[in-house]
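Asker: As input, take final_6.txt (compact mmCIF, C-alpha atoms):
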# COMPACT_ATOMS: atom_id res chain seq x y z
CA LEU A 1 -15.54 9.17 8.47
CA ILE A 2 -16.76 6.03 6.74
CA PRO A 3 -15.32 6.98 3.30
CA LEU A 4 -12.01 7.93 4.95
CA TYR A 5 -11.95 4.56 6.72
CA ALA A 6 -12.77 2.78 3.45
CA VAL A 7 -9.88 4.49 1.67
CA GLY A 8 -7.62 3.55 4.57
CA VAL A 9 -8.67 -0.07 4.13
CA PHE A 10 -8.64 -0.40 0.35
CA VAL A 11 -5.34 1.38 -0.39
CA PRO A 12 -3.29 -1.09 1.73
CA PHE A 13 -5.32 -3.97 0.30
CA THR A 14 -4.49 -2.81 -3.23
CA LEU A 15 -0.81 -2.54 -2.31
CA SER A 16 -0.75 -5.98 -0.69
CA GLN A 17 -2.43 -7.59 -3.70
CA SER A 18 0.11 -5.90 -5.98
CA GLY A 19 2.92 -7.17 -3.77
CA ARG A 20 1.57 -10.71 -4.03
CA ILE A 21 1.64 -10.42 -7.83
CA ILE A 22 5.33 -9.49 -7.68
CA HIS A 23 5.91 -12.35 -5.24
CA TRP A 24 4.37 -14.94 -7.57
CA PHE A 25 6.33 -13.64 -10.57
CA ARG A 26 9.58 -13.96 -8.61
CA LEU A 27 8.83 -17.38 -7.13
CA LYS A 28 7.21 -19.08 -10.16
CA GLU A 29 6.31 -22.27 -8.28
CA GLY A 30 3.29 -24.47 -8.81
CA SER A 31 0.30 -22.68 -10.28
CA TRP A 32 1.85 -19.24 -9.90
CA LEU A 33 0.12 -17.85 -12.98
CA VAL A 34 -3.34 -18.68 -11.62
CA LYS A 35 -2.47 -17.25 -8.21
CA SER A 36 -1.04 -14.06 -9.70
CA THR A 37 -4.15 -13.69 -11.87
CA ILE A 38 -6.37 -13.97 -8.79
CA ASN A 39 -4.25 -11.34 -7.05
CA LEU A 40 -4.45 -9.14 -10.16
CA VAL A 41 -8.25 -9.31 -10.11
CA GLY A 42 -8.24 -8.44 -6.39
CA ALA A 43 -5.86 -5.54 -6.95
CA LEU A 44 -7.92 -4.16 -9.83
CA ILE A 45 -11.18 -4.40 -7.89
CA SER A 46 -9.75 -2.69 -4.82
CA LEU A 47 -8.07 -0.04 -6.99
CA ALA A 48 -11.40 0.62 -8.69
CA LEU A 49 -12.99 1.06 -5.27
CA VAL A 50 -10.28 3.51 -4.19
CA ILE A 51 -10.71 5.55 -7.37
CA PHE A 52 -14.48 5.49 -6.92
CA LEU A 53 -14.17 6.65 -3.29
CA PHE A 54 -11.87 9.51 -4.25
CA TRP A 55 -14.20 10.48 -7.10
CA GLN A 56 -17.44 10.32 -5.12
CA HIS A 57 -16.31 11.42 -1.65
CA PHE A 58 -13.28 13.65 -2.23
CA SER A 59 -14.55 16.21 0.29
CA ASN A 60 -14.42 13.49 2.97
CA VAL A 61 -11.20 11.70 2.03
CA TRP A 62 -8.82 14.53 1.06
CA PRO A 63 -7.02 14.37 4.46
CA TYR A 64 -5.70 10.97 3.38
CA LEU A 65 -3.64 12.72 0.69
CA ILE A 66 -1.89 14.77 3.40
CA ILE A 67 -1.67 12.28 6.25
CA MET A 68 -0.28 9.28 4.35
CA PRO A 69 2.65 11.04 2.62
CA ALA A 70 3.51 12.70 5.94
CA LEU A 71 3.49 9.35 7.74
CA LEU A 72 5.55 7.70 5.01
CA TYR A 73 8.11 10.48 5.22
CA LEU A 74 8.22 10.14 9.02
CA PHE A 75 8.75 6.37 8.72
CA HIS A 76 11.54 6.95 6.21
CA VAL A 77 13.28 9.43 8.53
CA ILE A 78 13.03 6.99 11.45
CA HIS A 79 14.39 4.13 9.32
CA THR A 80 17.31 6.26 8.15
CA HIS A 81 18.08 7.18 11.77
CA TYR A 82 18.06 3.50 12.78
CA ILE A 83 20.45 2.65 9.95
CA LYS A 84 22.85 5.41 11.04
CA VAL A 85 22.71 4.36 14.69
CA GLY A 86 23.26 0.75 13.68
CA MET A 87 26.39 1.70 11.75
CA GLN A 88 27.72 3.64 14.74
CA LEU A 89 27.13 0.72 17.11
CA ARG A 90 28.98 -1.84 14.98
CA VAL A 91 32.27 -2.95 16.39
Would you encode the structure as structure tokens?
Answerer:
Amino acid sequence: LIPLYAVGVFVPFTLSQSGRIIHWFRLKEGSWLVKSTINLVGALISLALVIFLFWQHFSNVWPYLIIMPALLYLFHVIHTHYIKVGMQLRV
């Protein structure tokens, strides 16, 4: 379970670091280039760890490849339902 937990930690960390890079490129305030470079290094390190975990412990972490897309699809369906209900409730 430890490799599965590690994948569950490092994938969101990689995504959040990537999101911060996009944030700094949109904002472009202060020392945005330095900050985005730091976030790029963090994203690359965590991505390398995710790739390493999948390469070394695939037999332990393969459920992640099924569970996460299923959860994302479920969240998308719920969001779409909320949007439709919101449109129906507008006056």
Asker: Could you tell me which of A:Ile83, A:Leu1, A:Leu71, A:Leu40 comes closest to Thr14 (chain A) if we count only C-alpha atoms?
Answerer: A:Leu40
Asker: Which residues come within 12 Å of Ile38 (chain A), counting only C-alpha atoms, excluding same-chain residues fewer than 5 positions away, as a PyMOL selection string?
Answerer: chain A and resi 17-18+20-21+24+31-33+43-45
Asker: Do you know which residues are at most 8 Å from region 46-58 of chain A counting all atoms listed in the file, after dropping those on the same chain fewer than 2 positions away, and could you put them as a ChimeraX atom specification?
Answerer: /A:3,6-7,10-11,13-14,42-44,60-62
Asker: Out of A:Val41, A:Val34, A:Pro63, A:Lys28, which residue has the shortest atom-to-atom distance to Tyr5 (chain A) when counting all atoms listed in the file?
Answerer: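 Nearest candidate to Tyr5 (chain A) out of A:Val41, A:Val34, A:Pro63, A:Lys28: A:Pro63.
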Asker: Quick check, in Å to one decimal: how far apart do CA of Thr80 (chain A) and CA of Ile66 (chain A) lie?
Answerer: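 We find that CA of Thr80 (chain A) and CA of Ile66 (chain A) lie 21.5 Å from each other.
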